[in-house]
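Colleague: Got a structure for you, questions after.
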Amino acid sequence: MVLAGKIFRLVEDTALDKVAEKLRGYSVEEDLEEEGYKIKLITEVVDLAMGFNSLRGVLAWDILRFTYHRGRKIPVPKTLYLTFGFFKRPGATFLLVIEKKNMANKAANLFSQLLFISKGYILNVSIPPEKMREYHEKNPENTKVIFFDNLPIPNIDKLSLYGPNLTYTELYNNYLKMGSIWYLVTVSNSYGTTIGLTRDGVVVAFGNIEKTDFINMVNAEIIPLIS
C-alpha cells in the first residue's frame with residue numbers, strides 16, 4: 001500500500017476553530033446535463049474533528065469522468081474521499097491533503113476558496129536544503145536514495161545516489177558541495193515506515209501504514225522542517 005500526500009501553508013495564520021467554523025456542514029450540489037444525462041455532483045466536508053493543534057476531516061468530492069460504450073460518450077460520476085488535516089504551529093497554519101500531487105493541488109485551491117473566497121491563499125511549501133540534509137543525517141543509515149538539484153554542471157538537472165551508507169561516500173560530499181538535496185527515500189524516525197520526501201512538501205509512504213499514523217508522522221516529523 002502506498003499513501004501520498006502534499007503539505008501546504010495558509011497565507012494567513014488562521015486559528016483552527018475559525019477554519020472549522022467555515023468547513024463544518026459544508027455541502028454544495030451541482031446539477032449538470034452531459035450527453036443527455038442529468039447528473040448531480042456533491043462536494044462536502046464530512047467527519048470533521050478537532051484535536052490538539054489539529055483539525056482533521058474528509059473532503060467527499062464528486063467529479064465527472066467519461067467512458068465510451070459502442071461509440072457513445074457516457075459520463076460517469078465518481079466520489080473521491082480526500083483525507084485532510086490542518087495543523088497549527090507558532091505563527092503558521094499548514095494543510096496536509098492525502099492524495100497525489102495534482103489532485104492535492106486542486107483540493108488546496110478548493111479549500112482556499114472555501115476559507116478565503118478566492119484561490120491563492122493556500123500556497124506550496126518549501127523545505128530548506130539544510131533541513132533536508134538534517135533530516136537525512138539524523139539516521140543516515142536509513143537513507144537509500146538521494147537526488148540532488150541546483151547543480152552547476154551543464155545539461156544536468158539532477159543527480160542521484162542509491163545504496164546504504166551514502167553519507168560516508170566521497171560522491172555524497174561532492175554533490176552536496178555543488179548542489180542541494182531535492183528528494184530522499186529514508187525511514188521515518190518515529191514510525192519505521194519507508195518514506196519519500198521532496199523539498200516541495202510531497203510525502204509518500206511505502207508499505208502498510210494507516211492514514212492516522214501517516215498524518216501523525218507528517219505532523220511530527222515533516223512539518224517542523226518547513227521554513
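Every chain in the C-alpha cells takes a letter, A first, then B, and so on in the order presented; its residues are numbered from 1, and the ligands are numbered from 1 following the presented order.
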Using only C-alpha atoms, which protein or nucleic acid residues come within 9 Å of Phe148 of chain A? Drop anything in the same chain fewer than 3 positions from it, and give the result as a ChimeraX atom specification.
Modeller: /A:151,157-161,175-176,178-183
Colleague: Just want the 12 Å neighbourhood of Val218 of chain A, counted on only C-alpha atoms, with same-chain residues fewer than 6 positions away dropped. Output as a ChimeraX atom specification.
Modeller: /A:3-8,84-87,94-98,188-191,193,195-197,201-205,211-212,224-226
Colleague: As a PDB file with C-alpha atoms, in the first residue's frame, please: the residues near Leu115 of chain A (cut-off 9 Å, only C-alpha atoms, same-chain neighbours under 5 positions excluded).
Modeller:
```pdb
ATOM      1  CA  LYS A  18     -12.157  29.585  12.545  1.00  0.00           C
ATOM      2  CA  VAL A  19     -11.255  27.004   9.899  1.00  0.00           C
ATOM      3  CA  LYS A  22     -16.177  27.640   7.831  1.00  0.00           C
ATOM      4  CA  LEU A  23     -15.851  23.963   6.905  1.00  0.00           C
ATOM      5  CA  LEU A 110     -10.841  24.490  -3.258  1.00  0.00           C
ATOM      6  CA  TYR A 121      -4.449  31.896  -0.142  1.00  0.00           C
TER       7      TYR A 121
END
```
Colleague: From a backbone DSSP assignment, name each residue in chain A labelled helix (DSSP H, G or I), as a ChimeraX atom specification.
Modeller: /A:16-23,101-116,129-138,140-142,166-168,170-178,211-225
Colleague: Find the distance between atom CA of Met217 of chain A and atom CA of Met1 of chain A and write it in Å to one decimal.
Modeller: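 One can read the atom CA of Met217 of chain A to atom CA of Met1 of chain A distance as 16.4 Å.
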Colleague: Excluding same-chain residues fewer than 5 positions from Leu82 of chain A, what lies within 8 Å of it counting only C-alpha atoms, as a list of chain:residue names?
Modeller: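 Residues near the query, excluding close chain neighbours: A:Val58, A:Leu59, A:Ala60, A:Trp61, A:Val97, A:Ile98, A:Glu99.
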Colleague: Pick out the closest residue to Tyr168 of chain A from this set: A:Leu32, A:Thr143, A:Gly192, A:Ser126. Count only C-alpha atoms.
Modeller: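 Comparing A:Leu32, A:Thr143, A:Gly192, A:Ser126 against Tyr168 of chain A, the winner is A:Thr143.
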Colleague: For a test of reading the model, state the distance in Å between atom CA of Phe116 of chain A and atom CA of Lys88 of chain A, rounded to one decimal.
Modeller: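 Distance between the two atoms: 17.4 Å.
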Colleague: Write out as number ranges by chain all residues of segment 67-150 of chain A that backbone DSSP assigns to strand (DSSP E or B).
Modeller: A: 67-69, 72-89, 92-97, 122-124, 145-149
Colleague: Restricted to C-alpha atoms, what would the selected residues look like written as a CSV table (one decimal), in the first residue's frame?
Modeller:
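So the final result, stored in part_19.csv, reads:
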```
chain,number,residue,atom,x,y,z
A,67,THR,CA,-16.2,6.4,-20.8
A,68,TYR,CA,-17.2,5.2,-24.2
A,69,HIS,CA,-19.6,2.4,-25.0
A,72,ARG,CA,-21.3,6.7,-27.3
A,73,LYS,CA,-19.7,9.0,-24.7
A,74,ILE,CA,-21.1,8.3,-21.3
A,75,PRO,CA,-20.5,10.5,-18.2
A,76,VAL,CA,-19.5,8.6,-15.1
A,77,PRO,CA,-19.6,10.4,-11.7
A,78,LYS,CA,-17.1,9.3,-9.1
A,79,THR,CA,-16.7,10.3,-5.5
A,80,LEU,CA,-13.2,11.0,-4.2
A,81,TYR,CA,-12.6,10.8,-0.5
A,82,LEU,CA,-9.7,13.0,0.4
A,83,THR,CA,-8.5,12.9,4.0
A,84,PHE,CA,-7.0,16.2,5.1
A,85,GLY,CA,-5.6,17.8,8.2
A,86,PHE,CA,-4.9,21.4,9.3
A,87,PHE,CA,-2.1,21.9,11.8
A,88,LYS,CA,-1.2,24.9,13.9
A,89,ARG,CA,2.4,26.0,14.5
A,92,ALA,CA,1.7,29.5,10.8
A,93,THR,CA,-1.1,27.2,9.8
A,94,PHE,CA,-0.5,24.2,7.5
A,95,LEU,CA,-2.7,21.9,5.4
A,96,LEU,CA,-2.0,18.3,4.5
A,97,VAL,CA,-4.0,16.6,1.8
A,122,ILE,CA,-3.1,28.4,0.3
A,123,LEU,CA,0.4,28.0,-1.0
A,124,ASN,CA,3.1,25.5,-1.7
A,145,VAL,CA,18.1,7.2,-2.3
A,146,ILE,CA,19.1,10.9,-2.6
A,147,PHE,CA,18.5,13.2,-5.5
A,148,PHE,CA,20.5,16.5,-5.8
A,149,ASP,CA,19.5,19.6,-7.8
```
Colleague: Do a neighbour search on Ser27 of chain A at 8 Å with only C-alpha atoms, toss out local chain neighbours closer than 3 positions, and write the hits as a VMD selection string.
Modeller: chain A and resid 42 to 45
Colleague: Between A:Ile63, A:Val187, A:Met50, A:Ile223, single out the one closest to Lys138 of chain A, counting only C-alpha atoms.
Modeller: A:Val187
